[in-house]
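Listing of upload-v7.txt, compact mmCIF, C-alpha atoms and all ligand atoms
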```txt
# COMPACT_ATOMS: atom_id res chain seq x y z
CA MET N 99 0.00 0.00 0.00
CA SER N 100 2.89 2.38 0.73
CA ILE N 101 4.40 2.00 -2.73
CA GLU N 102 1.27 1.60 -4.82
CA GLN N 103 -1.10 4.51 -5.13
CA HIS N 104 -4.24 4.06 -3.06
CA PRO N 105 -7.39 4.00 -5.26
CA LEU N 106 -8.74 7.00 -3.35
CA GLY N 107 -5.35 8.69 -3.12
CA LEU N 108 -5.27 8.25 0.67
CA PRO N 109 -2.07 7.84 2.70
CA PRO N 110 -1.94 4.63 4.82
CA GLU N 111 -2.47 6.46 8.14
CA LYS N 112 -5.79 7.86 6.88
CA ILE N 113 -7.26 4.46 6.09
CA PRO N 114 -9.30 2.95 8.93
CA ARG N 115 -7.91 -0.43 9.94
CA HIS N 116 -11.24 -1.55 11.37
CA VAL N 117 -14.61 -0.49 9.91
CA ALA N 118 -17.88 -1.55 11.57
CA ILE N 119 -21.22 -1.25 9.79
CA ILE N 120 -24.79 -1.05 11.08
CA MET N 121 -26.53 -2.36 7.95
CA ASP N 122 -29.87 -0.60 8.38
CA GLY N 123 -32.65 0.06 5.88
CA ASN N 124 -33.25 -3.38 4.36
CA GLY N 125 -36.93 -3.30 5.34
CA ARG N 126 -37.51 0.18 3.88
CA TRP N 127 -35.61 -0.74 0.71
CA ALA N 128 -37.99 -3.69 0.25
CA ARG N 129 -41.12 -1.69 1.09
CA GLN N 130 -40.23 0.94 -1.53
CA ARG N 131 -40.33 -1.87 -4.09
CA GLY N 132 -43.47 -3.55 -2.75
CA LEU N 133 -41.42 -6.57 -1.63
CA PRO N 134 -41.44 -8.51 1.66
CA ARG N 135 -38.86 -7.44 4.27
CA LEU N 136 -36.89 -10.64 3.75
CA ALA N 137 -36.27 -9.64 0.13
CA GLY N 138 -34.51 -6.58 1.58
CA HIS N 139 -32.34 -8.76 3.81
CA ARG N 140 -31.48 -10.94 0.82
CA ALA N 141 -30.52 -7.89 -1.26
CA GLY N 142 -28.48 -6.72 1.73
CA THR N 143 -26.66 -10.03 1.80
CA GLU N 144 -25.81 -9.71 -1.90
CA ASN N 145 -24.47 -6.26 -1.19
CA LEU N 146 -22.16 -7.65 1.45
CA ARG N 147 -20.17 -9.39 -1.26
CA ARG N 148 -19.62 -6.09 -3.10
CA ILE N 149 -18.61 -4.30 0.08
CA LEU N 150 -16.16 -7.05 1.03
CA GLU N 151 -14.45 -6.61 -2.34
CA ALA N 152 -14.38 -2.85 -1.87
CA CYS N 153 -12.86 -3.25 1.60
CA VAL N 154 -10.01 -5.30 0.13
CA GLU N 155 -9.57 -2.73 -2.66
CA PHE N 156 -9.41 0.15 -0.15
CA GLY N 157 -7.01 -1.57 2.25
CA ILE N 158 -9.42 -2.06 5.16
CA HIS N 159 -8.23 -4.98 7.27
CA ILE N 160 -11.23 -5.70 9.54
CA LEU N 161 -14.92 -5.39 8.76
CA THR N 162 -17.44 -5.94 11.54
CA ILE N 163 -21.09 -6.20 10.49
CA TYR N 164 -24.17 -6.01 12.70
CA ALA N 165 -26.24 -8.86 11.29
CA PHE N 166 -28.55 -9.82 14.19
CA SER N 167 -28.92 -8.10 17.54
CA THR N 168 -30.15 -9.54 20.83
CA GLU N 169 -33.22 -7.30 20.30
CA ASN N 170 -33.94 -8.73 16.84
CA TRP N 171 -35.53 -11.85 18.42
CA GLN N 172 -38.57 -9.63 18.94
CA ARG N 173 -39.17 -9.31 15.19
CA PRO N 174 -41.93 -11.41 13.56
CA PRO N 175 -41.05 -15.14 13.73
CA ASN N 176 -40.79 -15.54 9.96
CA GLU N 177 -38.29 -12.66 9.75
CA VAL N 178 -36.21 -14.19 12.58
CA ARG N 179 -36.29 -17.57 10.81
CA GLY N 180 -35.35 -15.85 7.55
CA LEU N 181 -32.33 -14.10 9.08
CA MET N 182 -31.17 -17.40 10.63
CA SER N 183 -31.45 -19.16 7.28
CA ILE N 184 -29.63 -16.29 5.52
CA LEU N 185 -26.64 -16.85 7.84
CA GLU N 186 -26.86 -20.57 7.18
CA GLN N 187 -26.97 -20.04 3.41
CA VAL N 188 -24.10 -17.57 3.52
CA ILE N 189 -21.98 -20.17 5.30
CA ASP N 190 -23.09 -23.03 3.03
CA ARG N 191 -22.78 -21.19 -0.27
CA GLU N 192 -20.00 -18.69 0.30
CA ILE N 193 -17.52 -20.33 2.66
CA ASP N 194 -15.43 -21.89 -0.14
CA GLU N 195 -15.13 -18.56 -1.92
CA LEU N 196 -14.51 -16.60 1.29
CA ASP N 197 -11.78 -19.07 2.21
CA ARG N 198 -10.26 -18.87 -1.27
CA GLN N 199 -10.25 -15.08 -1.06
CA GLY N 200 -8.34 -15.22 2.24
CA VAL N 201 -11.20 -14.00 4.43
CA GLN N 202 -11.07 -14.93 8.10
CA LEU N 203 -14.55 -15.32 9.54
CA ARG N 204 -15.16 -14.44 13.19
CA HIS N 205 -18.27 -14.21 15.31
CA ILE N 206 -19.17 -11.88 18.16
CA GLY N 207 -22.27 -12.37 20.26
CA ARG N 208 -23.85 -15.21 22.17
CA LEU N 209 -23.83 -18.59 20.46
CA GLU N 210 -26.31 -19.83 23.08
CA GLY N 211 -29.81 -19.13 21.82
CA ILE N 212 -28.87 -19.87 18.21
CA ARG N 213 -30.14 -23.20 16.78
CA GLN N 214 -27.74 -26.01 17.66
CA ASP N 215 -26.96 -27.05 14.06
CA LEU N 216 -26.32 -23.44 13.07
CA GLN N 217 -23.97 -23.05 16.06
CA VAL N 218 -21.99 -26.02 14.73
CA LYS N 219 -21.82 -24.46 11.23
CA ILE N 220 -20.62 -21.15 12.63
CA LYS N 221 -17.88 -22.85 14.65
CA GLN N 222 -16.78 -24.94 11.66
CA ALA N 223 -16.61 -21.87 9.39
CA ILE N 224 -14.53 -20.00 11.98
CA GLU N 225 -12.19 -22.96 12.40
CA ARG N 226 -11.80 -23.44 8.65
CA THR N 227 -10.84 -19.81 7.96
CA ARG N 228 -8.87 -19.04 11.11
CA HIS N 229 -5.48 -18.88 9.34
CA ASN N 230 -6.64 -16.44 6.64
CA GLY N 231 -5.34 -12.91 6.88
CA ARG N 232 -6.40 -10.82 3.89
CA LEU N 233 -9.57 -9.51 5.50
CA ILE N 234 -11.24 -10.30 8.81
CA LEU N 235 -15.03 -10.49 8.51
CA ASN N 236 -16.38 -10.24 12.03
CA VAL N 237 -20.09 -11.05 12.15
CA ALA N 238 -22.10 -9.71 15.08
CA PHE N 239 -24.92 -12.23 15.36
CA ASN N 240 -27.11 -12.54 18.44
CA TYR N 241 -24.98 -9.62 19.60
CA GLY N 242 -25.75 -6.91 22.14
CA GLY N 243 -23.21 -4.43 23.50
CA ARG N 244 -24.63 -4.49 27.02
CA ALA N 245 -24.80 -8.29 26.99
CA GLU N 246 -21.14 -8.28 25.90
CA ILE N 247 -20.15 -6.07 28.84
CA LEU N 248 -22.13 -8.24 31.28
CA ASP N 249 -20.54 -11.40 29.85
CA ALA N 250 -17.12 -9.79 30.25
CA CYS N 251 -17.89 -8.96 33.91
CA ARG N 252 -18.95 -12.54 34.56
CA ARG N 253 -15.79 -13.90 32.99
CA ILE N 254 -13.60 -11.46 34.90
CA MET N 255 -15.20 -12.46 38.20
CA ARG N 256 -14.94 -16.16 37.39
CA ALA N 257 -11.28 -15.69 36.49
CA GLY N 258 -10.72 -14.15 39.94
CA VAL N 259 -9.19 -10.93 38.62
CA ASP N 260 -8.19 -8.67 41.53
CA PRO N 261 -10.45 -5.56 41.42
CA GLU N 262 -7.38 -3.39 42.03
CA ASP N 263 -5.70 -4.82 38.92
CA LEU N 264 -8.65 -4.21 36.63
CA ASP N 265 -8.04 -1.53 34.02
CA GLU N 266 -9.40 -0.81 30.54
CA GLU N 267 -6.79 -2.93 28.82
CA ILE N 268 -7.49 -5.96 31.00
CA PHE N 269 -11.26 -5.44 30.72
CA SER N 270 -11.09 -5.40 26.93
CA ARG N 271 -9.43 -8.83 26.97
CA TYR N 272 -12.72 -10.28 28.19
CA LEU N 273 -14.84 -8.73 25.43
CA TYR N 274 -16.02 -10.80 22.45
CA THR N 275 -13.89 -8.68 20.13
CA TRP N 276 -10.55 -9.52 21.76
CA PRO N 277 -7.88 -9.43 20.28
CA LEU N 278 -9.22 -7.20 17.52
CA PRO N 279 -8.51 -3.47 17.77
CA ASP N 280 -11.42 -1.08 18.38
CA PRO N 281 -13.25 0.13 15.26
CA ASP N 282 -11.86 3.35 13.80
CA LEU N 283 -14.98 4.08 11.80
CA ILE N 284 -18.60 3.05 12.40
CA ILE N 285 -20.90 3.47 9.42
CA ARG N 286 -24.67 3.44 9.83
CA THR N 287 -26.82 3.21 6.71
CA GLY N 288 -30.54 4.03 6.65
CA GLY N 289 -30.27 7.50 8.10
CA GLU N 290 -30.44 7.07 11.89
CA TYR N 291 -27.90 8.52 14.33
CA ARG N 292 -27.64 5.91 17.06
CA LEU N 293 -25.45 2.98 17.98
CA SER N 294 -28.35 0.65 18.84
CA ASN N 295 -26.33 -1.34 21.39
CA PHE N 296 -23.51 -1.99 18.86
CA LEU N 297 -19.91 -2.12 20.15
CA ILE N 298 -20.74 0.38 22.87
CA TRP N 299 -17.47 -0.16 24.76
CA GLN N 300 -15.30 -0.33 21.64
CA ALA N 301 -16.94 2.75 20.04
CA ALA N 302 -15.48 5.12 22.65
CA TYR N 303 -13.22 6.90 20.14
CA ALA N 304 -14.65 5.68 16.84
CA GLU N 305 -15.61 8.16 14.17
CA ILE N 306 -19.30 7.77 13.36
CA TYR N 307 -20.67 8.24 9.86
CA SER N 308 -24.37 8.09 9.05
CA THR N 309 -25.81 8.03 5.54
CA PRO N 310 -29.46 7.98 4.44
CA ILE N 311 -28.65 5.32 1.81
CA PHE N 312 -30.38 2.00 2.57
CA TRP N 313 -27.97 -0.89 3.09
CA PRO N 314 -28.76 -2.80 -0.17
CA ASP N 315 -27.84 0.38 -2.11
CA PHE N 316 -24.68 1.19 -0.13
CA ASN N 317 -22.10 0.48 -2.81
CA ARG N 318 -18.37 0.93 -3.40
CA ASP N 319 -18.74 4.64 -4.17
CA ALA N 320 -20.78 5.21 -1.01
CA LEU N 321 -18.05 3.47 0.99
CA ALA N 322 -15.43 5.60 -0.76
CA LYS N 323 -17.32 8.73 0.28
CA ALA N 324 -17.40 7.57 3.91
CA LEU N 325 -13.65 6.87 3.80
CA LEU N 326 -12.88 10.27 2.33
CA GLU N 327 -14.90 11.96 5.06
CA TYR N 328 -13.12 9.86 7.70
CA ALA N 329 -9.75 10.84 6.25
CA GLY N 330 -10.67 14.51 6.60
CA ARG N 331 -11.53 14.25 10.29
CA GLU N 332 -9.10 15.05 13.08
CA ARG N 333 -9.00 12.26 15.67
CA ARG N 334 -7.90 13.71 19.00
CA PHE N 335 -8.72 10.85 21.42
CA GLY N 336 -9.51 13.44 24.09
CA ARG N 337 -6.22 15.28 23.60
CA VAL N 338 -5.40 18.71 22.23
CA LEU N 339 -3.36 18.46 19.04
CA GLU N 340 -0.53 20.91 18.36
CA LYS N 341 -1.30 23.08 15.34
CA ALA N 342 1.35 22.75 12.64
C1 LIG N 401 -31.58 -3.81 9.55
O1 LIG N 401 -32.50 -3.42 8.57
C2 LIG N 401 -30.94 -5.03 9.15
C3 LIG N 401 -30.95 -6.18 9.89
C4 LIG N 401 -31.58 -6.30 11.20
C5 LIG N 401 -30.33 -7.41 9.38
C6 LIG N 401 -29.11 -7.21 8.55
C7 LIG N 401 -28.82 -8.46 7.83
C8 LIG N 401 -28.33 -8.56 6.58
C9 LIG N 401 -27.93 -7.43 5.72
C10 LIG N 401 -28.14 -9.88 6.01
C11 LIG N 401 -26.72 -10.34 6.19
C12 LIG N 401 -26.75 -11.28 7.27
C13 LIG N 401 -25.82 -12.19 7.56
C14 LIG N 401 -26.16 -13.14 8.60
C15 LIG N 401 -24.51 -12.32 6.92
P1 LIG N 401 -34.02 -3.23 9.00
O2 LIG N 401 -34.72 -4.52 8.76
O3 LIG N 401 -34.11 -2.74 10.41
O4 LIG N 401 -34.50 -2.14 8.00
P2 LIG N 401 -35.60 -1.01 8.26
O5 LIG N 401 -35.05 -0.12 9.34
O6 LIG N 401 -35.70 -0.32 6.95
O7 LIG N 401 -36.86 -1.73 8.66
```
Render the structure in this file as structure tokens.
Ligand code: FPP
Amino acid sequence: MSIEQHPLGLPPEKIPRHVAIIMDGNGRWARQRGLPRLAGHRAGTENLRRILEACVEFGIHILTIYAFSTENWQRPPNEVRGLMSILEQVIDREIDELDRQGVQLRHIGRLEGIRQDLQVKIKQAIERTRHNGRLILNVAFNYGGRAEILDACRRIMRAGVDPEDLDEEIFSRYLYTWPLPDPDLIIRTGGEYRLSNFLIWQAAYAEIYSTPIFWPDFNRDALAKALLEYAGRERRFGRVLEKA
């Protein structure tokens, strides 16, 4: 990347290492076309392939996607079933290609609560791709940020960590995302301005970008626009930066 010209003309330090996406707007995309909501989720899944390619092209190393939240169980049963079977189909149909492309699949969230056979598929897909390093695709499925923090607390207490020793670095080791770095950029499609319980610990210093574009329409150029805006922001991490 340092020798070749970046496709957007960005220097390496202006490219986010870890991008996380709240893929919102599938339902509205479908409604606009008079289609059932699941058609929107299927179009969103197709879009994922395009965005994965664009991430590789732009030099992004980690992509975390919010695919199913702990709150999504409250959606109509057929939509829940549909989202479960989309994950199953993605694993069944795409794992060979993902593996061939050097994608490492990871999962964050609670496996408990997910159908047993799907749990097995998720674990097998993770195991199969664990040595890949071109792009990490981290799928948040049955994920909730507060649940993640509670699970971390439980694990810390079970591990007998001395309360006096606990600091942010140690705490983060007990999060689902360990050892991945925090996201640099969180993109939300569909026009809302909230985190919706997504990576709430890890988002502390992330840049947040919201676009009205619905997820199935969020293409390479839309991602490029988000990256250019990110590159123009000044990240201070709570400090004051010296003016040049
Ligand atoms: C939010 O749109 C989207 C979701 C809750 C699901 C996102 C899932 C995918 C894009 C499929 C990919 C999934 C996997 C497992 C790889 P919404 O339904 O809330 O849209 P709306 O706000 O317009 O109703």
Practice task
Could you give me, as a ChimeraX atom specification, every polymer residue with an atom at most 6 Å away from an atom of ligand LIG 401 (chain N), counting all atoms listed in the file?
Solution key: /N:121-126,139,142-143,165-166,184-185
Generate the output file for the selected residues, C-alpha atoms, as a PDB file, in the frame of the given file.
```pdb
ATOM      1  CA  MET N 121     -26.530  -2.360   7.950  1.00  0.00           C
ATOM      2  CA  ASP N 122     -29.870  -0.600   8.380  1.00  0.00           C
ATOM      3  CA  GLY N 123     -32.650   0.060   5.880  1.00  0.00           C
ATOM      4  CA  ASN N 124     -33.250  -3.380   4.360  1.00  0.00           C
ATOM      5  CA  GLY N 125     -36.930  -3.300   5.340  1.00  0.00           C
ATOM      6  CA  ARG N 126     -37.510   0.180   3.880  1.00  0.00           C
ATOM      7  CA  HIS N 139     -32.340  -8.760   3.810  1.00  0.00           C
ATOM      8  CA  GLY N 142     -28.480  -6.720   1.730  1.00  0.00           C
ATOM      9  CA  THR N 143     -26.660 -10.030   1.800  1.00  0.00           C
ATOM     10  CA  ALA N 165     -26.240  -8.860  11.290  1.00  0.00           C
ATOM     11  CA  PHE N 166     -28.550  -9.820  14.190  1.00  0.00           C
ATOM     12  CA  ILE N 184     -29.630 -16.290   5.520  1.00  0.00           C
ATOM     13  CA  LEU N 185     -26.640 -16.850   7.840  1.00  0.00           C
TER      14      LEU N 185
END
```
Exercise for the section: Take atom CA of N:Gln103 and atom CA of N:Phe156 and report the distance between them in Å, one decimal. Expected result: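 Between atom CA of N:Gln103 and atom CA of N:Phe156 the gap is 10.6 Å.
Closest approach to N:Glu186 among N:Ala152, N:Leu203, N:Ala223, N:Ala301: N:Ala223, based on all atoms listed in the file.
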Practice task
Could you tell me how far atom CA of N:Ala238 lies from atom CA of N:Ile220, in Å and to one decimal?
Solution key: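 Interatomic distance here is 11.8 Å.
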Exercise for the section: Using all atoms listed in the file, find the one residue out of N:Val218, N:Leu278, N:Ala324, N:Leu233 that sits nearest to N:Ile206. Expected result: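 The shortest atom-to-atom distance to N:Ile206 comes from N:Leu278.
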Handout entry: Atomic distance atom CA of N:Arg337 - atom CA of N:Arg115, expressed in Å with one decimal
Key =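 The value is 20.9 Å.
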Handout entry: Nearby residues (all atoms listed in the file) at most 12 Å from N:Glu305, same-chain spacing under 6 positions excluded, as a VMD selection string
Key = chain N and resid 114 116 to 119 280 to 286 293 324 to 325 327 to 335
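Nearest residue to N:Asn295 among N:Ser167, N:Ser308, N:Asn236, N:Gln202 is N:Ser167, counting all atoms listed in the file.
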Near N:Glu177, within 10 Å and counting only C-alpha atoms, which residues show up once chain neighbours fewer than 4 positions away are dropped, as a short mmCIF file (atom, residue, chain, number, x, y, z; two decimals) with C-alpha atoms, keeping the file's coordinate frame?
```cif
data_model
loop_
_atom_site.label_atom_id
_atom_site.label_comp_id
_atom_site.auth_asym_id
_atom_site.auth_seq_id
_atom_site.Cartn_x
_atom_site.Cartn_y
_atom_site.Cartn_z
CA PRO N 134 -41.44 -8.51 1.66
CA ARG N 135 -38.86 -7.44 4.27
CA LEU N 136 -36.89 -10.64 3.75
CA HIS N 139 -32.34 -8.76 3.81
CA ASN N 170 -33.94 -8.73 16.84
CA TRP N 171 -35.53 -11.85 18.42
CA GLN N 172 -38.57 -9.63 18.94
CA ARG N 173 -39.17 -9.31 15.19
CA LEU N 181 -32.33 -14.10 9.08
CA MET N 182 -31.17 -17.40 10.63
CA SER N 183 -31.45 -19.16 7.28
#
```
For stretch 139-225 of chain N, write C-alpha atoms out as a PDB file, in the first residue's frame.
```pdb
ATOM      1  CA  HIS N 139     -32.341  -8.760   3.812  1.00  0.00           C
ATOM      2  CA  ARG N 140     -31.479 -10.941   0.822  1.00  0.00           C
ATOM      3  CA  ALA N 141     -30.524  -7.886  -1.260  1.00  0.00           C
ATOM      4  CA  GLY N 142     -28.476  -6.715   1.730  1.00  0.00           C
ATOM      5  CA  THR N 143     -26.659 -10.030   1.797  1.00  0.00           C
ATOM      6  CA  GLU N 144     -25.806  -9.707  -1.902  1.00  0.00           C
ATOM      7  CA  ASN N 145     -24.468  -6.257  -1.186  1.00  0.00           C
ATOM      8  CA  LEU N 146     -22.164  -7.652   1.446  1.00  0.00           C
ATOM      9  CA  ARG N 147     -20.165  -9.386  -1.259  1.00  0.00           C
ATOM     10  CA  ARG N 148     -19.618  -6.090  -3.103  1.00  0.00           C
ATOM     11  CA  ILE N 149     -18.605  -4.303   0.079  1.00  0.00           C
ATOM     12  CA  LEU N 150     -16.160  -7.053   1.027  1.00  0.00           C
ATOM     13  CA  GLU N 151     -14.449  -6.608  -2.343  1.00  0.00           C
ATOM     14  CA  ALA N 152     -14.378  -2.850  -1.873  1.00  0.00           C
ATOM     15  CA  CYS N 153     -12.856  -3.248   1.601  1.00  0.00           C
ATOM     16  CA  VAL N 154     -10.013  -5.296   0.132  1.00  0.00           C
ATOM     17  CA  GLU N 155      -9.570  -2.729  -2.657  1.00  0.00           C
ATOM     18  CA  PHE N 156      -9.410   0.148  -0.153  1.00  0.00           C
ATOM     19  CA  GLY N 157      -7.012  -1.574   2.254  1.00  0.00           C
ATOM     20  CA  ILE N 158      -9.419  -2.064   5.158  1.00  0.00           C
ATOM     21  CA  HIS N 159      -8.234  -4.979   7.269  1.00  0.00           C
ATOM     22  CA  ILE N 160     -11.226  -5.695   9.536  1.00  0.00           C
ATOM     23  CA  LEU N 161     -14.922  -5.391   8.758  1.00  0.00           C
ATOM     24  CA  THR N 162     -17.438  -5.937  11.540  1.00  0.00           C
ATOM     25  CA  ILE N 163     -21.089  -6.202  10.487  1.00  0.00           C
ATOM     26  CA  TYR N 164     -24.166  -6.014  12.704  1.00  0.00           C
ATOM     27  CA  ALA N 165     -26.245  -8.865  11.291  1.00  0.00           C
ATOM     28  CA  PHE N 166     -28.552  -9.823  14.187  1.00  0.00           C
ATOM     29  CA  SER N 167     -28.923  -8.098  17.537  1.00  0.00           C
ATOM     30  CA  THR N 168     -30.148  -9.542  20.828  1.00  0.00           C
ATOM     31  CA  GLU N 169     -33.217  -7.304  20.303  1.00  0.00           C
ATOM     32  CA  ASN N 170     -33.938  -8.735  16.837  1.00  0.00           C
ATOM     33  CA  TRP N 171     -35.529 -11.850  18.418  1.00  0.00           C
ATOM     34  CA  GLN N 172     -38.569  -9.629  18.945  1.00  0.00           C
ATOM     35  CA  ARG N 173     -39.166  -9.311  15.185  1.00  0.00           C
ATOM     36  CA  PRO N 174     -41.930 -11.412  13.562  1.00  0.00           C
ATOM     37  CA  PRO N 175     -41.047 -15.138  13.728  1.00  0.00           C
ATOM     38  CA  ASN N 176     -40.789 -15.537   9.958  1.00  0.00           C
ATOM     39  CA  GLU N 177     -38.286 -12.656   9.753  1.00  0.00           C
ATOM     40  CA  VAL N 178     -36.212 -14.193  12.580  1.00  0.00           C
ATOM     41  CA  ARG N 179     -36.292 -17.569  10.812  1.00  0.00           C
ATOM     42  CA  GLY N 180     -35.350 -15.848   7.553  1.00  0.00           C
ATOM     43  CA  LEU N 181     -32.327 -14.100   9.079  1.00  0.00           C
ATOM     44  CA  MET N 182     -31.172 -17.395  10.627  1.00  0.00           C
ATOM     45  CA  SER N 183     -31.450 -19.156   7.282  1.00  0.00           C
ATOM     46  CA  ILE N 184     -29.625 -16.292   5.519  1.00  0.00           C
ATOM     47  CA  LEU N 185     -26.644 -16.848   7.841  1.00  0.00           C
ATOM     48  CA  GLU N 186     -26.861 -20.573   7.180  1.00  0.00           C
ATOM     49  CA  GLN N 187     -26.971 -20.042   3.412  1.00  0.00           C
ATOM     50  CA  VAL N 188     -24.102 -17.567   3.515  1.00  0.00           C
ATOM     51  CA  ILE N 189     -21.983 -20.169   5.302  1.00  0.00           C
ATOM     52  CA  ASP N 190     -23.090 -23.033   3.028  1.00  0.00           C
ATOM     53  CA  ARG N 191     -22.777 -21.191  -0.271  1.00  0.00           C
ATOM     54  CA  GLU N 192     -20.003 -18.693   0.300  1.00  0.00           C
ATOM     55  CA  ILE N 193     -17.523 -20.334   2.657  1.00  0.00           C
ATOM     56  CA  ASP N 194     -15.426 -21.886  -0.135  1.00  0.00           C
ATOM     57  CA  GLU N 195     -15.129 -18.558  -1.922  1.00  0.00           C
ATOM     58  CA  LEU N 196     -14.509 -16.601   1.290  1.00  0.00           C
ATOM     59  CA  ASP N 197     -11.780 -19.068   2.213  1.00  0.00           C
ATOM     60  CA  ARG N 198     -10.259 -18.869  -1.266  1.00  0.00           C
ATOM     61  CA  GLN N 199     -10.249 -15.077  -1.062  1.00  0.00           C
ATOM     62  CA  GLY N 200      -8.342 -15.216   2.238  1.00  0.00           C
ATOM     63  CA  VAL N 201     -11.195 -13.999   4.431  1.00  0.00           C
ATOM     64  CA  GLN N 202     -11.070 -14.931   8.103  1.00  0.00           C
ATOM     65  CA  LEU N 203     -14.551 -15.319   9.541  1.00  0.00           C
ATOM     66  CA  ARG N 204     -15.156 -14.444  13.186  1.00  0.00           C
ATOM     67  CA  HIS N 205     -18.272 -14.210  15.309  1.00  0.00           C
ATOM     68  CA  ILE N 206     -19.166 -11.878  18.158  1.00  0.00           C
ATOM     69  CA  GLY N 207     -22.271 -12.366  20.262  1.00  0.00           C
ATOM     70  CA  ARG N 208     -23.855 -15.211  22.172  1.00  0.00           C
ATOM     71  CA  LEU N 209     -23.832 -18.586  20.461  1.00  0.00           C
ATOM     72  CA  GLU N 210     -26.307 -19.829  23.076  1.00  0.00           C
ATOM     73  CA  GLY N 211     -29.805 -19.134  21.822  1.00  0.00           C
ATOM     74  CA  ILE N 212     -28.868 -19.870  18.213  1.00  0.00           C
ATOM     75  CA  ARG N 213     -30.142 -23.199  16.783  1.00  0.00           C
ATOM     76  CA  GLN N 214     -27.744 -26.011  17.656  1.00  0.00           C
ATOM     77  CA  ASP N 215     -26.958 -27.053  14.063  1.00  0.00           C
ATOM     78  CA  LEU N 216     -26.322 -23.436  13.071  1.00  0.00           C
ATOM     79  CA  GLN N 217     -23.974 -23.052  16.055  1.00  0.00           C
ATOM     80  CA  VAL N 218     -21.988 -26.019  14.734  1.00  0.00           C
ATOM     81  CA  LYS N 219     -21.825 -24.465  11.232  1.00  0.00           C
ATOM     82  CA  ILE N 220     -20.622 -21.148  12.632  1.00  0.00           C
ATOM     83  CA  LYS N 221     -17.880 -22.850  14.653  1.00  0.00           C
ATOM     84  CA  GLN N 222     -16.776 -24.940  11.655  1.00  0.00           C
ATOM     85  CA  ALA N 223     -16.615 -21.870   9.390  1.00  0.00           C
ATOM     86  CA  ILE N 224     -14.531 -20.004  11.981  1.00  0.00           C
ATOM     87  CA  GLU N 225     -12.189 -22.963  12.396  1.00  0.00           C
TER      88      GLU N 225
END
```
